[in-house]
Amino acid sequence: MEHTAILIDNSVNTNKLANGLLNNVFKEIYLKPHNTLLFSTQTIDHYIDLEERLEQKIINKSSAQPLKTMSSGERKKLLLEYQLTHNPETMILVNPYDNLDAATQRYLKDKLTQISTKISIIEILTRFKDASTFIDQHYNYIDGKLVPFVKGDQNKLPLSIAPIPQPIDKPALPKELVIFNEVSVSYGSKKVLNNICWEIKPNTFWQLIGPNGSGKSTLLNMITGDNPMGYGQDLCLFGAKKGSGESVWDIKKKIGYFSPHMVDKFAGYHSLEHMLISGIHDSVGLYTIPTVMQKNQAKKWLHLLGMEHRAQEHFRNLSNGDKRLIMTARAMIKHPPLLILDEPTVGLDDSSANFFVALVNAYSKQSKSAILYVNHRPELGLEPQFTYELLPSNQGSHGVES
Ligand SMILES: Nc1ncnc2c1ncn2[C@@H]1O[C@H](COP(=O)(O)OP(=O)(O)OP(=O)(O)O)[C@@H](O)[C@H]1O
């Protein structure tokens, strides 16, 4: 049984690479397409789509809950269990550990080791440390070809980073940002959050952690206004009680938000300069002519990201990793009272993740924004001041501060 890891950078289209493997375009790897299964978020999205369009439950037949509402870890476990019932000869796994908590990562690692005696495994990975120990051959995928793997220095943070550009307008910071007071949430009989008491004060750097399904997204969505569970609860956002007449727009104006999922939502016909300036206006595109000061501001951020020569390039032409950096800078550009980074390094390769961590650390020191960083993967070198951990139980998760 042969097992292969293919290390890729952010620019690689993983669908294309997986299709190439399934069509046997690489002389280094031969597989039988009919006996091969693809384990990836695209596969999960396909099943979500089938369930929504055709009301067809496939991987979650045993559950009453729609796949779409399940947490990322819950979905991945179901997919793996479903695929293993089909006895594949080969499995291609694309970044299998992304979005998984430590326990589920261990479960998956053990499971892969166990099935590797019977199934040939091909791992497509952006992070070197995710490669399974049983892998026989490592490749890099460069310019459409598989080449022998060269190990770089995966753990090296950039030595220095240019100063964080300060905002054009420096509005007074609200005295209070987010206060949860005895907040509990259930979906039907399922208790998710139990008695959450948590305050995020201005100019603090928090990381929010907790196992898959512990309620991190539920908590975040109550802050961003995307979850109606926030109403009727003792939750104060930016000094106003939730449900006291504030609009979602009022709240969103005070929040900068980045999650890798956002990148796909932007068609990307805007230039990088306009993408960044739109972050000052909280708009998707740019509907007014930017001022000289705003253009200057965008230029400084592009310099920080090493993209100053690309100001007029279209967002859609960037690699995935560069798109994420631009979207992050767009969330940071006006130094909002609260910056939310939701599993921001998912899918980034080692060197981009290192740059990202250095950027967030620098921003936390040079900005008055409070940062809420949600992650499963302890990101080497990240320097949050506080951690809020959700610990699940039958009564829902309670929170512990440290
Ligand atoms: N609309 C819904 N109906 C039923 N259950 C739901 C709904 N939305 C979320 N849940 C459940 O609530 C729990 C918490 O989900 P949530 O997405 O907040 O967890 P999470 O900590 O963000 O998970 P992950 O780290 O895997 O993304 C999960 O068990 C999920 O299945």
# chains A, B, ... in the order shown; residues from 1 in each chain; ligands from 1
$ residues_near_ligand --ligand "ligand 1" --cutoff "7 Å" --atoms "only C-alpha atoms and all ligand atoms" --output "list of chain:residue names"
A:Gln65, A:Thr69, A:Met70, A:Ser71, A:Ser72, A:Gly73, A:Glu74, A:Asn99, A:Leu100, A:Asp101, A:Tyr187, A:Lys190, A:Val192, A:Gly210, A:Pro211, A:Asn212, A:Gly213, A:Ser214, A:Gly215, A:Lys216, A:Ser217, A:Thr218, A:Leu219
$ residues_around --residues "Leu112 of chain A" --least-positions-apart "2" --cutoff "12 Å" --atoms "only C-alpha atoms" --output "PyMOL selection string"
chain A and resi 3+39+80-81+84+90-93+96-97+105-110+114-123+130-135
$ atom_distance --atom1 "atom CA of Lys77 of chain A" --atom2 "atom CA of Ala102 of chain A"
13.5 Å
$ select_by_dssp --residues "segment 1-192 of chain A" --states "helix (DSSP H, G or I)" --output "number ranges by chain"
A: 14-22, 33-35, 41-54, 67-69, 72-84, 102-115, 128-130
$ atom_distance --atom1 "atom CA of Ile168 of chain A" --atom2 "atom CA of Ala298 of chain A"
10.8 Å
$ residues_around --residues "Leu50 of chain A" --least-positions-apart "4" --cutoff "12 Å" --atoms "only C-alpha atoms" --output "list in words"
Thr43, Ile44, Asp45, His46, Leu54, Glu55, Gln56, Lys57, Ile58, Ile59, Asn60, Pro66, Leu67 and Lys68 of chain A
$ closest_residue --among "A:Asn140, A:Ser189, A:Gln395, A:Ser160" --to "Leu17 of chain A" --atoms "only C-alpha atoms"
A:Asn140
$ residues_around --residues "Asn19 of chain A" --least-positions-apart "2" --cutoff "12 Å" --atoms "only C-alpha atoms" --output "VMD selection string"
chain A and resid 13 to 17 21 to 26 31 33 36 to 38 92 94
$ residues_around --residues "segment 249-264 of chain A" --least-positions-apart "2" --cutoff "6 Å" --atoms "only C-alpha atoms" --output "VMD selection string"
chain A and resid 247 266 328 331 336 to 342 344
$ closest_residue --among "A:Asn361, A:Glu2, A:Val185, A:Asn195" --to "Pro228 of chain A" --atoms "only C-alpha atoms"
A:Val185
$ atom_distance --atom1 "atom CA of Thr126 of chain A" --atom2 "atom CA of Met275 of chain A"
25.9 Å
$ select_by_dssp --residues "segment 198-273 of chain A" --states "strand (DSSP E)" --output "JSON, numbers by chain"
{"A": [198, 199, 200, 205, 206, 207, 208, 209, 235, 236, 237, 240, 241, 255, 256, 257, 258]}
$ residues_around --residues "Ile179 of chain A" --least-positions-apart "3" --cutoff "7 Å" --atoms "only C-alpha atoms" --output "ChimeraX atom specification"
/A:198-200,235-237
$ residues_around --residues "Ser402 of chain A" --least-positions-apart "6" --cutoff "8 Å" --atoms "only C-alpha atoms" --output "list in words"
Phe386, Thr387 and Tyr388 of chain A
